[in-house]
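Peer 1: Supplied structure: structure03.cif, mmCIF, C-alpha atoms.
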data_coords
loop_
_atom_site.label_atom_id
_atom_site.label_comp_id
_atom_site.auth_asym_id
_atom_site.auth_seq_id
_atom_site.Cartn_x
_atom_site.Cartn_y
_atom_site.Cartn_z
CA MET A 1 160.09 6.50 -63.04
CA VAL A 2 159.74 4.08 -60.12
CA GLY A 3 162.63 2.01 -61.47
CA GLU A 4 164.90 5.06 -61.59
CA VAL A 5 163.98 6.04 -58.03
CA PHE A 6 164.68 2.52 -56.81
CA TYR A 7 168.02 2.57 -58.64
CA TRP A 8 169.20 5.47 -56.51
CA VAL A 9 167.57 4.14 -53.32
CA LEU A 10 169.53 0.93 -53.82
CA ASN A 11 172.72 2.96 -54.21
CA LEU A 12 171.91 4.89 -51.04
CA SER A 13 171.24 1.66 -49.19
CA ILE A 14 174.67 0.32 -50.10
CA LEU A 15 176.40 3.50 -48.91
CA GLY A 16 174.30 3.61 -45.75
CA SER A 17 175.21 0.01 -45.02
CA VAL A 18 178.93 0.75 -45.32
CA ALA A 19 178.56 3.68 -42.90
CA GLY A 20 176.44 1.59 -40.53
CA LEU A 21 178.99 -1.23 -40.45
CA ILE A 22 181.67 1.30 -39.50
CA VAL A 23 179.50 2.45 -36.57
CA LEU A 24 179.05 -1.18 -35.51
CA LEU A 25 182.84 -1.51 -35.40
CA PHE A 26 183.16 1.56 -33.19
CA ARG A 27 180.46 0.16 -30.88
CA GLN A 28 182.91 -2.60 -29.96
CA ILE A 29 185.31 -0.07 -28.42
CA ARG A 30 184.11 -0.01 -24.83
CA LYS A 31 186.10 3.08 -23.87
CA LEU A 32 184.26 5.32 -26.31
CA PRO A 33 181.52 7.43 -24.66
CA ARG A 34 178.00 6.12 -25.23
CA PHE A 35 176.68 9.52 -26.31
CA GLY A 36 179.46 9.57 -28.90
CA ILE A 37 178.40 6.23 -30.37
CA TYR A 38 174.83 7.51 -30.47
CA LEU A 39 176.06 10.59 -32.33
CA LEU A 40 177.89 8.44 -34.87
CA TRP A 41 174.56 7.03 -36.05
CA ALA A 42 173.98 10.37 -37.78
CA LEU A 43 176.52 9.30 -40.42
CA PRO A 44 174.65 6.26 -41.81
CA LEU A 45 171.41 8.24 -41.53
CA ILE A 46 172.87 10.88 -43.85
CA ARG A 47 174.08 8.20 -46.23
CA PHE A 48 170.69 6.46 -46.33
CA TRP A 49 169.00 9.72 -47.39
CA MET A 50 171.50 12.02 -49.12
CA PRO A 51 172.31 11.13 -52.75
CA LEU A 52 174.76 14.02 -53.12
CA GLY A 53 178.09 14.58 -51.43
CA ILE A 54 181.23 16.67 -51.57
CA ALA A 55 184.13 14.98 -53.32
CA SER A 56 187.16 14.48 -51.09
CA PRO A 57 190.48 12.69 -51.51
CA TYR A 58 190.10 11.54 -47.88
CA SER A 59 186.81 9.77 -48.52
CA LEU A 60 186.59 6.06 -47.81
CA LEU A 61 184.96 5.80 -51.22
CA SER A 62 188.17 7.03 -52.85
CA PHE A 63 189.65 3.66 -51.97
CA ILE A 64 186.53 1.62 -52.72
CA SER A 65 185.95 3.35 -56.07
CA ARG A 66 189.09 1.76 -57.44
CA TYR A 67 187.30 -1.58 -57.42
CA THR A 68 183.51 -1.40 -57.18
CA THR A 69 182.00 2.06 -57.51
CA LYS A 70 181.81 4.95 -59.92
CA THR A 71 181.48 8.63 -59.05
CA ILE A 72 179.12 10.76 -61.13
CA ILE A 73 179.81 14.48 -61.24
CA VAL A 74 176.63 16.46 -60.67
CA TRP A 75 178.12 19.91 -60.43
CA GLU A 76 181.50 20.76 -61.95
CA ALA A 77 183.58 22.72 -59.49
CA VAL A 78 184.91 26.14 -60.30
CA PRO A 79 188.30 27.08 -58.84
CA GLY A 80 188.12 27.23 -55.06
CA SER A 81 184.71 25.54 -54.72
CA PRO A 82 183.89 21.90 -53.85
CA GLU A 83 182.87 19.30 -56.39
CA ILE A 84 179.38 17.82 -55.85
CA SER A 85 178.94 14.21 -56.92
CA MET A 86 176.86 11.05 -56.55
CA THR A 87 178.25 7.58 -55.95
CA ASN A 88 176.99 4.77 -58.17
CA SER A 89 177.72 1.33 -56.74
CA ILE A 90 175.50 -0.64 -59.13
CA GLN A 91 176.85 0.57 -62.48
CA ALA A 92 173.92 -0.83 -64.46
CA ALA A 93 173.34 2.34 -66.51
CA GLN A 94 175.09 4.02 -69.41
CA SER A 95 174.00 7.54 -68.45
CA TYR A 96 172.25 8.95 -65.41
CA PHE A 97 170.26 12.15 -66.05
CA PRO A 98 167.94 10.57 -67.07
CA ILE A 99 169.00 6.99 -66.38
CA ILE A 100 169.52 4.91 -69.52
CA TYR A 101 170.16 1.28 -68.65
CA LYS A 102 172.74 -0.85 -70.42
CA THR A 103 170.10 -3.34 -71.59
CA ASP A 104 166.31 -3.50 -71.77
CA ARG A 105 166.37 -6.54 -69.50
CA ILE A 106 168.05 -4.53 -66.74
CA LYS A 107 165.45 -1.80 -67.25
CA ASP A 108 162.62 -4.31 -66.83
CA ILE A 109 164.23 -5.77 -63.70
CA PHE A 110 164.53 -2.36 -62.04
CA TYR A 111 160.98 -1.42 -63.02
CA SER A 112 159.56 -4.63 -61.50
CA ALA A 113 161.76 -4.45 -58.40
CA GLY A 114 161.01 -0.75 -58.02
CA THR A 115 157.27 -1.38 -58.11
CA VAL A 116 157.52 -4.01 -55.38
CA TRP A 117 159.80 -1.74 -53.33
CA ALA A 118 157.43 1.22 -53.59
CA ILE A 119 154.36 -0.80 -52.59
CA VAL A 120 156.02 -2.39 -49.56
CA ALA A 121 157.61 0.90 -48.49
CA VAL A 122 154.30 2.79 -48.62
CA VAL A 123 152.50 0.02 -46.73
CA ALA A 124 155.26 -0.11 -44.11
CA VAL A 125 155.17 3.65 -43.56
CA LEU A 126 151.36 3.67 -43.30
CA CYS A 127 151.40 0.76 -40.84
CA SER A 128 154.04 2.54 -38.78
CA MET A 129 151.94 5.71 -38.70
CA LEU A 130 148.86 3.76 -37.60
CA LEU A 131 150.88 2.02 -34.88
CA TYR A 132 152.14 5.38 -33.67
CA PHE A 133 148.65 6.88 -33.42
CA PHE A 134 147.23 3.74 -31.80
CA THR A 135 150.02 3.87 -29.22
CA LYS A 136 149.21 7.49 -28.40
CA SER A 137 145.45 6.91 -28.30
CA ALA A 138 145.85 4.12 -25.76
CA PHE A 139 146.86 6.74 -23.19
CA ARG A 140 144.26 9.42 -23.85
CA ASP A 141 142.60 8.60 -20.54
CA ALA A 142 145.82 9.16 -18.59
CA VAL A 143 145.39 11.37 -15.52
CA HIS A 144 147.34 14.64 -15.56
CA ILE A 145 149.61 15.08 -12.53
CA ARG A 146 151.67 18.18 -13.32
CA ASP A 147 153.47 19.80 -16.24
CA SER A 148 153.84 17.09 -18.92
CA ILE A 149 153.59 14.19 -16.44
CA TYR A 150 150.63 11.80 -16.57
CA ARG A 151 149.62 8.60 -14.79
CA SER A 152 147.87 5.66 -16.46
CA ASP A 153 146.66 2.21 -15.44
CA LYS A 154 147.58 0.91 -18.93
CA GLY A 155 151.29 1.67 -18.79
CA LEU A 156 153.69 -1.23 -18.23
CA SER A 157 156.74 0.98 -17.91
CA PRO A 158 157.40 4.73 -17.63
CA ALA A 159 157.77 6.21 -21.11
CA VAL A 160 157.63 9.38 -23.20
CA TYR A 161 154.88 9.51 -25.82
CA GLY A 162 154.48 12.05 -28.60
CA ILE A 163 156.80 14.30 -30.59
CA ILE A 164 155.46 17.85 -30.75
CA LYS A 165 154.06 17.88 -27.19
CA PRO A 166 155.65 14.84 -25.54
CA LYS A 167 154.09 13.41 -22.40
CA ILE A 168 155.71 11.39 -19.66
CA VAL A 169 153.30 8.56 -18.82
CA LEU A 170 153.86 6.75 -15.52
CA PRO A 171 152.24 3.47 -14.47
CA ALA A 172 149.92 3.67 -11.47
CA ASN A 173 152.05 1.33 -9.36
CA ILE A 174 155.34 3.19 -9.71
CA ALA A 175 157.45 3.22 -6.54
CA GLY A 176 157.92 6.67 -5.04
CA ALA A 177 161.63 6.08 -4.44
CA ASP A 178 162.20 5.51 -8.17
CA LEU A 179 160.23 8.53 -9.37
CA ASP A 180 163.07 11.07 -9.33
CA TYR A 181 165.36 8.86 -11.44
CA ILE A 182 162.58 7.97 -13.85
CA LEU A 183 161.69 11.61 -14.43
CA ARG A 184 165.35 12.52 -14.95
CA HIS A 185 165.62 9.85 -17.62
CA GLU A 186 162.41 10.71 -19.43
CA CYS A 187 163.11 14.45 -19.30
CA ALA A 188 166.47 13.74 -20.91
CA HIS A 189 164.65 11.96 -23.75
CA ILE A 190 162.41 14.99 -24.23
CA ARG A 191 165.30 17.43 -24.11
CA ARG A 192 167.20 15.42 -26.74
CA HIS A 193 164.11 15.00 -29.02
CA ASP A 194 164.66 11.24 -29.01
CA ASN A 195 161.12 10.37 -30.07
CA LEU A 196 161.57 12.43 -33.22
CA TRP A 197 164.77 10.55 -34.02
CA ARG A 198 162.94 7.28 -33.35
CA VAL A 199 160.34 8.12 -35.97
CA ILE A 200 162.99 9.20 -38.49
CA ALA A 201 164.88 5.95 -37.88
CA VAL A 202 161.75 3.82 -38.37
CA ILE A 203 160.81 5.65 -41.59
CA THR A 204 164.36 5.13 -42.85
CA ALA A 205 164.01 1.41 -42.16
CA CYS A 206 160.67 1.35 -43.99
CA VAL A 207 162.21 2.98 -47.08
CA HIS A 208 165.17 0.55 -47.05
CA TRP A 209 163.11 -2.46 -45.91
CA PHE A 210 164.80 -4.76 -48.44
CA ASN A 211 168.19 -4.28 -46.76
CA PRO A 212 168.60 -6.77 -43.86
CA LEU A 213 171.32 -4.64 -42.29
CA ILE A 214 168.92 -1.72 -41.73
CA TRP A 215 167.01 -3.74 -39.13
CA ILE A 216 170.22 -4.57 -37.27
CA PHE A 217 171.17 -0.88 -37.35
CA LEU A 218 167.72 0.10 -36.08
CA LYS A 219 167.93 -2.22 -33.09
CA CYS A 220 171.46 -1.05 -32.21
CA PHE A 221 170.42 2.59 -32.63
CA PHE A 222 167.59 2.21 -30.11
CA THR A 223 169.96 0.53 -27.66
CA ASP A 224 172.56 3.29 -28.05
CA MET A 225 169.84 5.91 -27.59
CA GLU A 226 169.01 4.50 -24.16
CA LEU A 227 172.67 4.14 -23.18
CA ALA A 228 173.33 7.75 -24.21
CA CYS A 229 170.29 8.91 -22.24
CA ASP A 230 171.53 7.00 -19.19
CA ALA A 231 174.92 8.69 -19.54
CA ASP A 232 173.20 12.09 -19.68
CA VAL A 233 171.49 11.36 -16.34
CA LEU A 234 174.56 9.83 -14.71
CA LYS A 235 176.60 13.01 -15.21
CA LYS A 236 174.71 14.60 -12.30
CA LEU A 237 174.56 11.60 -9.94
CA THR A 238 176.81 10.51 -7.09
CA GLU A 239 178.20 6.98 -6.75
CA ASN A 240 175.31 6.06 -4.49
CA GLY A 241 172.90 7.70 -6.93
CA LYS A 242 174.24 5.49 -9.72
CA LYS A 243 173.36 2.36 -7.72
CA GLU A 244 169.88 3.65 -6.92
CA TYR A 245 169.38 4.55 -10.60
CA ALA A 246 170.34 0.99 -11.58
CA LEU A 247 167.85 -0.44 -9.07
CA ALA A 248 165.11 1.84 -10.40
CA LEU A 249 165.87 0.62 -13.94
CA LEU A 250 165.71 -3.01 -12.80
CA SER A 251 162.32 -2.52 -11.17
CA CYS A 252 160.85 -0.93 -14.32
CA SER A 253 162.31 -3.16 -17.03
CA SER A 254 159.90 -4.17 -19.81
CA ASP A 255 159.52 -4.10 -23.60
CA ARG A 256 157.96 -1.06 -25.28
CA THR A 257 157.04 0.09 -28.75
CA HIS A 258 159.59 1.70 -31.09
CA TYR A 259 157.58 4.94 -30.90
CA SER A 260 158.00 5.63 -27.18
CA SER A 261 161.12 6.26 -25.11
CA ALA A 262 160.72 3.85 -22.21
CA PHE A 263 162.70 3.97 -18.97
CA GLY A 264 163.18 0.19 -18.82
CA GLY A 265 162.75 -0.85 -22.40
CA THR A 266 166.19 -1.78 -23.74
CA LYS A 267 168.62 -4.54 -22.68
CA THR A 268 168.37 -3.99 -18.94
CA ARG A 269 171.48 -6.00 -18.07
CA LEU A 270 173.67 -4.10 -20.55
CA ARG A 271 172.37 -0.76 -19.29
CA ILE A 272 172.98 -1.66 -15.65
CA GLU A 273 176.55 -2.72 -16.47
CA ASN A 274 177.13 0.62 -18.20
CA ILE A 275 175.55 2.53 -15.32
CA LEU A 276 177.73 0.89 -12.66
CA SER A 277 180.91 1.32 -14.73
CA TYR A 278 180.16 4.90 -15.82
CA LYS A 279 182.88 7.52 -15.43
CA LYS A 280 182.62 11.18 -16.32
CA LEU A 281 184.42 12.11 -19.52
CA ALA A 282 187.45 14.31 -19.02
CA PHE A 283 187.95 17.40 -21.19
CA VAL A 284 190.94 15.86 -23.01
CA SER A 285 188.99 12.68 -23.72
CA ALA A 286 186.04 14.69 -25.01
CA LEU A 287 188.36 16.68 -27.29
CA CYS A 288 189.96 13.50 -28.61
CA PHE A 289 186.57 12.03 -29.40
CA ALA A 290 185.48 15.24 -31.16
CA ILE A 291 188.56 14.99 -33.39
CA LEU A 292 187.86 11.30 -34.02
CA PHE A 293 184.24 12.04 -34.91
CA PHE A 294 185.30 14.73 -37.37
CA MET A 295 187.79 12.40 -39.05
CA VAL A 296 185.26 9.57 -39.33
CA ALA A 297 182.61 11.97 -40.66
CA VAL A 298 184.93 13.27 -43.39
CA THR A 299 185.83 9.77 -44.56
CA VAL A 300 182.26 8.41 -44.43
CA ILE A 301 179.94 11.15 -45.75
CA THR A 302 182.16 12.52 -48.51
CA ASN A 303 182.43 11.03 -51.99
CA ALA A 304 185.41 10.08 -54.09
CA ALA A 305 186.64 12.38 -56.81
CA GLY A 306 185.15 11.93 -60.29
CA THR A 307 186.03 8.70 -62.05
#
Can the structure from this file be put into structure tokens for me?

Peer 2:
Amino acid sequence: MVGEVFYWVLNLSILGSVAGLIVLLFRQIRKLPRFGIYLLWALPLIRFWMPLGIASPYSLLSFISRYTTKTIIVWEAVPGSPEISMTNSIQAAQSYFPIIYKTDRIKDIFYSAGTVWAIVAVVAVLCSMLLYFFTKSAFRDAVHIRDSIYRSDKGLSPAVYGIIKPKIVLPANIAGADLDYILRHECAHIRRHDNLWRVIAVITACVHWFNPLIWIFLKCFFTDMELACDADVLKKLTENGKKEYALALLSCSSDRTHYSSAFGGTKTRLRIENILSYKKLAFVSALCFAILFFMVAVTVITNAAGT
């Protein structure tokens, strides 16, 4: 059983990697809005978790399937309804429900590899959960100021902790002039449920731990999360406010855990450059990006027709 599960996880990891590499390419286009790049990360996330997809002639896999992949029909379409399929990039089996491997040797390899994968994945998830709870427990003695805002002597940088009832934890030595910008940023994280997405991203990396690209994607995703959050705040600031926001970021820069959304925790120089060069997105530009996102989504998360 564990070998069969790993077989499909490996397939998902390949598809997720293809989608992630496409997002990395779009990240190089500086004119694209940062919140849009952050939104694009939903596509590899879907690919890393969803084994099923709608068959489409516009799928990127329609081209790739000519050379390296095979599409397995899960549900035969009736007239007027979509065809549901799975993409098999490994092609080491003769049939798939249940999986019957081409040779006993391949079966043994997947059983052994699947056992190792399952053990490491479970340990990684458990360690991540422990780290999350230890991070939260370190701030139990934080002093409540108002609403969901707390102050702690242990905090190195302002950050949001928790998922269900997130708290904004401020260090005791925070400058009063920076407070408004810090709270705007952290409230944006709460409003966008970024800590929840952080946990989902980390769990995804734990499941696909054997894939080196997942760790690159995870790092870039966290960076894009902060850039998108900055853009959310900058929409309501004046030119002078942008400079003051950049100075507040500079004064609070530090490294934080993957389980908290920190004000100064990600590539400070890159964020300051984006802050000072930020321009509000015009309606036409927003519409063009929405069309682009739809086109990319159709090509990335759909499967090729049956082969």

Peer 1: Taking (148.1, 5.6, -12.5) in the file's coordinates as the center, which residues reach within 10 Å of it, counting all atoms listed in the file, put as an mmCIF file with C-alpha atoms, keeping the file's coordinate frame?

Peer 2:
data_model
loop_
_atom_site.group_PDB
_atom_site.id
_atom_site.type_symbol
_atom_site.label_atom_id
_atom_site.label_comp_id
_atom_site.auth_asym_id
_atom_site.auth_seq_id
_atom_site.Cartn_x
_atom_site.Cartn_y
_atom_site.Cartn_z
ATOM 1 C CA ALA A 142 145.820 9.160 -18.590
ATOM 2 C CA VAL A 143 145.390 11.370 -15.520
ATOM 3 C CA HIS A 144 147.340 14.640 -15.560
ATOM 4 C CA ILE A 145 149.610 15.080 -12.530
ATOM 5 C CA TYR A 150 150.630 11.800 -16.570
ATOM 6 C CA ARG A 151 149.620 8.600 -14.790
ATOM 7 C CA SER A 152 147.870 5.660 -16.460
ATOM 8 C CA ASP A 153 146.660 2.210 -15.440
ATOM 9 C CA LYS A 154 147.580 0.910 -18.930
ATOM 10 C CA GLY A 155 151.290 1.670 -18.790
ATOM 11 C CA VAL A 169 153.300 8.560 -18.820
ATOM 12 C CA LEU A 170 153.860 6.750 -15.520
ATOM 13 C CA PRO A 171 152.240 3.470 -14.470
ATOM 14 C CA ALA A 172 149.920 3.670 -11.470
ATOM 15 C CA ASN A 173 152.050 1.330 -9.360
ATOM 16 C CA ILE A 174 155.340 3.190 -9.710
#

Peer 1: Just checking: using only C-alpha atoms, which residue out of A:Ser128, A:Thr204, A:Ser89, A:Ser277 ends up closest to Phe48 of chain A?

Peer 2: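 Looking at the shortest contact to Phe48 of chain A, the residue is A:Thr204.
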
Peer 1: Which distance in Å separates atom CA of Val298 of chain A and atom CA of Leu43 of chain A, to one decimal?

Peer 2: 9.8 Å

Peer 1: Rank nothing, just name the residue among A:Leu183, A:Leu270, A:Leu276, A:Cys229 nearest to Gly241 of chain A, using all atoms listed in the file.

Peer 2: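 Ranked by minimum distance to Gly241 of chain A, first place goes to A:Leu276.
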
Peer 1: Written as a VMD selection string, what is the full residue list that the PyMOL selection byres ((chain A and resi 36) around 9) yields on the file shown?

Peer 2: chain A and resid 32 to 35 37 to 40 228 289 to 290 293

Peer 1: Using C-alpha atoms, can you write the selected residues to a file as an mmCIF file, in the frame of the given file?

Peer 2:
data_model
loop_
_atom_site.group_PDB
_atom_site.id
_atom_site.type_symbol
_atom_site.label_atom_id
_atom_site.label_comp_id
_atom_site.auth_asym_id
_atom_site.auth_seq_id
_atom_site.Cartn_x
_atom_site.Cartn_y
_atom_site.Cartn_z
ATOM 1 C CA LEU A 32 184.260 5.320 -26.310
ATOM 2 C CA PRO A 33 181.520 7.430 -24.660
ATOM 3 C CA ARG A 34 178.000 6.120 -25.230
ATOM 4 C CA PHE A 35 176.680 9.520 -26.310
ATOM 5 C CA ILE A 37 178.400 6.230 -30.370
ATOM 6 C CA TYR A 38 174.830 7.510 -30.470
ATOM 7 C CA LEU A 39 176.060 10.590 -32.330
ATOM 8 C CA LEU A 40 177.890 8.440 -34.870
ATOM 9 C CA ALA A 228 173.330 7.750 -24.210
ATOM 10 C CA PHE A 289 186.570 12.030 -29.400
ATOM 11 C CA ALA A 290 185.480 15.240 -31.160
ATOM 12 C CA PHE A 293 184.240 12.040 -34.910
#

Peer 1: List, as a ChimeraX atom specification, every residue that the PyMOL selection byres ((chain A and resi 234) around 12) selects in the file provided.

Peer 2: /A:34-35,181,184-185,188,227-233,235-246,271-272,274-281

Peer 1: Go ahead and write the selection's residues with C-alpha atoms as an mmCIF file, in the coordinates of the input.

Peer 2:
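The file below, part.cif, is the result:
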data_model
loop_
_atom_site.group_PDB
_atom_site.id
_atom_site.type_symbol
_atom_site.label_atom_id
_atom_site.label_comp_id
_atom_site.auth_asym_id
_atom_site.auth_seq_id
_atom_site.Cartn_x
_atom_site.Cartn_y
_atom_site.Cartn_z
ATOM 1 C CA ARG A 34 178.000 6.120 -25.230
ATOM 2 C CA PHE A 35 176.680 9.520 -26.310
ATOM 3 C CA TYR A 181 165.360 8.860 -11.440
ATOM 4 C CA ARG A 184 165.350 12.520 -14.950
ATOM 5 C CA HIS A 185 165.620 9.850 -17.620
ATOM 6 C CA ALA A 188 166.470 13.740 -20.910
ATOM 7 C CA LEU A 227 172.670 4.140 -23.180
ATOM 8 C CA ALA A 228 173.330 7.750 -24.210
ATOM 9 C CA CYS A 229 170.290 8.910 -22.240
ATOM 10 C CA ASP A 230 171.530 7.000 -19.190
ATOM 11 C CA ALA A 231 174.920 8.690 -19.540
ATOM 12 C CA ASP A 232 173.200 12.090 -19.680
ATOM 13 C CA VAL A 233 171.490 11.360 -16.340
ATOM 14 C CA LYS A 235 176.600 13.010 -15.210
ATOM 15 C CA LYS A 236 174.710 14.600 -12.300
ATOM 16 C CA LEU A 237 174.560 11.600 -9.940
ATOM 17 C CA THR A 238 176.810 10.510 -7.090
ATOM 18 C CA GLU A 239 178.200 6.980 -6.750
ATOM 19 C CA ASN A 240 175.310 6.060 -4.490
ATOM 20 C CA GLY A 241 172.900 7.700 -6.930
ATOM 21 C CA LYS A 242 174.240 5.490 -9.720
ATOM 22 C CA LYS A 243 173.360 2.360 -7.720
ATOM 23 C CA GLU A 244 169.880 3.650 -6.920
ATOM 24 C CA TYR A 245 169.380 4.550 -10.600
ATOM 25 C CA ALA A 246 170.340 0.990 -11.580
ATOM 26 C CA ARG A 271 172.370 -0.760 -19.290
ATOM 27 C CA ILE A 272 172.980 -1.660 -15.650
ATOM 28 C CA ASN A 274 177.130 0.620 -18.200
ATOM 29 C CA ILE A 275 175.550 2.530 -15.320
ATOM 30 C CA LEU A 276 177.730 0.890 -12.660
ATOM 31 C CA SER A 277 180.910 1.320 -14.730
ATOM 32 C CA TYR A 278 180.160 4.900 -15.820
ATOM 33 C CA LYS A 279 182.880 7.520 -15.430
ATOM 34 C CA LYS A 280 182.620 11.180 -16.320
ATOM 35 C CA LEU A 281 184.420 12.110 -19.520
#

Peer 1: When you count only C-alpha atoms, which of these residues is closest to Tyr111 of chain A: A:Ala282, A:Asn303, A:Val123, A:Phe6?

Peer 2: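 Result for the nearest residue to Tyr111 of chain A: A:Phe6.
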
Peer 1: Could you list, as a PyMOL selection string, every residue matched by the PyMOL selection byres ((chain A and resi 9-20) around 7) in this structure?

Peer 2: chain A and resi 5-8+21-24+43-45+47-49+51+88-90+208+213+217+300

Peer 1: For atom CA of Ile149 of chain A and atom CA of Ile168 of chain A, determine how far apart the two atoms are, in Å to one decimal place.

Peer 2: 4.8 Å

Peer 1: Quick one: pull the distance between atom CA of Ser112 of chain A and atom CA of Val2 of chain A, Å, one decimal.

Peer 2: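 Computing the Euclidean distance for atom CA of Ser112 of chain A and atom CA of Val2 of chain A yields 8.8 Å.
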